[in-house]
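Trainee: Here you go, one structure.
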Number of protein chains: 2
Amino acid sequence: MFVKNMKLPILLDVYGALLTERQYELLDLYYNEDLSLSEIAENTSLSRQGIRDAVKKAENELLTFEDKLGFAEKKEKTEKLLKEAARLAGKLPADDSAELLRLIKEISETD
Amino acid sequence: MFVKNMKLPILLDVYGALLTERQYELLDLYYNEDLSLSEIAENTSLSRQGIRDAVKKAENELLTFEDKLGFAEKKEKTEKLLKEAARLAGKLPADDSAELLRLIKEISETD
């Protein structure tokens, strides 16, 4: 059985720029647009099996990038720590509290 | 002329895991150990020119990763924002201040 890996959309977001345009489009259709392998195959010259192999290959590349660089895991950890920091903002005077929350939002969007 | 790129040590730190072991060692000797191309060549079977070409190739790979992913730039931006956040810690009660500084340190080390 071929199961969608729920971590893949995050990895596609983080490392997608390292894939070829074709690989990116394929995973985008499969994960973000939630098309089936057969539906994707219908609009291409490839068979369902050909699409399946191409998806698997691109997935493995993303998993290898994460295995080597770990940026998705770091991002997740950073988000948790930022949430803890945001809880402390309430103990600051109003202006400083707003400033800390603004910084936390900006770090989250940068990361 | 062949000039050392001062951003390269940071890129080597961020993306080094995507290079081959040999490429990583080469850039590590050249940038972190500050050996010259000739000094590196002396300990290998390659000419100074061969080393130069290999360094250039590995450097270009790192620059391409940064061009596509921008993680080094994001890391630098996050560090600046964390420093701003750290300045606000002084306005918190002592325990909360220490907690915010601990979180900021952890985010910095994660990122």
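Here's how to read the names in the structure tokens: chain A, B, ... by the order shown, residue numbers from 1 in each chain, ligand numbers from 1 in the order shown.
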What are the residues of chain B that have an atom within 12 Å of an atom of chain A, counting only C-alpha atoms, as a VMD selection string?
Mentor: chain B and resid 12 to 20 61 64 to 111
Trainee: Give me the residues within 10 Å of Lys4 in chain B as number ranges by chain, counting only C-alpha atoms and dropping any in the same chain fewer than 6 places off.
Mentor: B: 30-31, 34
Trainee: For a test of reading the model, state the distance in Å between CA of Lys57 in chain A and CA of Leu11 in chain B, rounded to one decimal.
Mentor: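 Rounded to one decimal, the two atoms are 26.6 Å apart.
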Trainee: Output as a PyMOL selection string all residues of range 3-104 of chain A that backbone DSSP marks as helix (DSSP H, G or I).
Mentor: chain A and resi 8-18+21-32+37-42+48-69+71-89+94-104
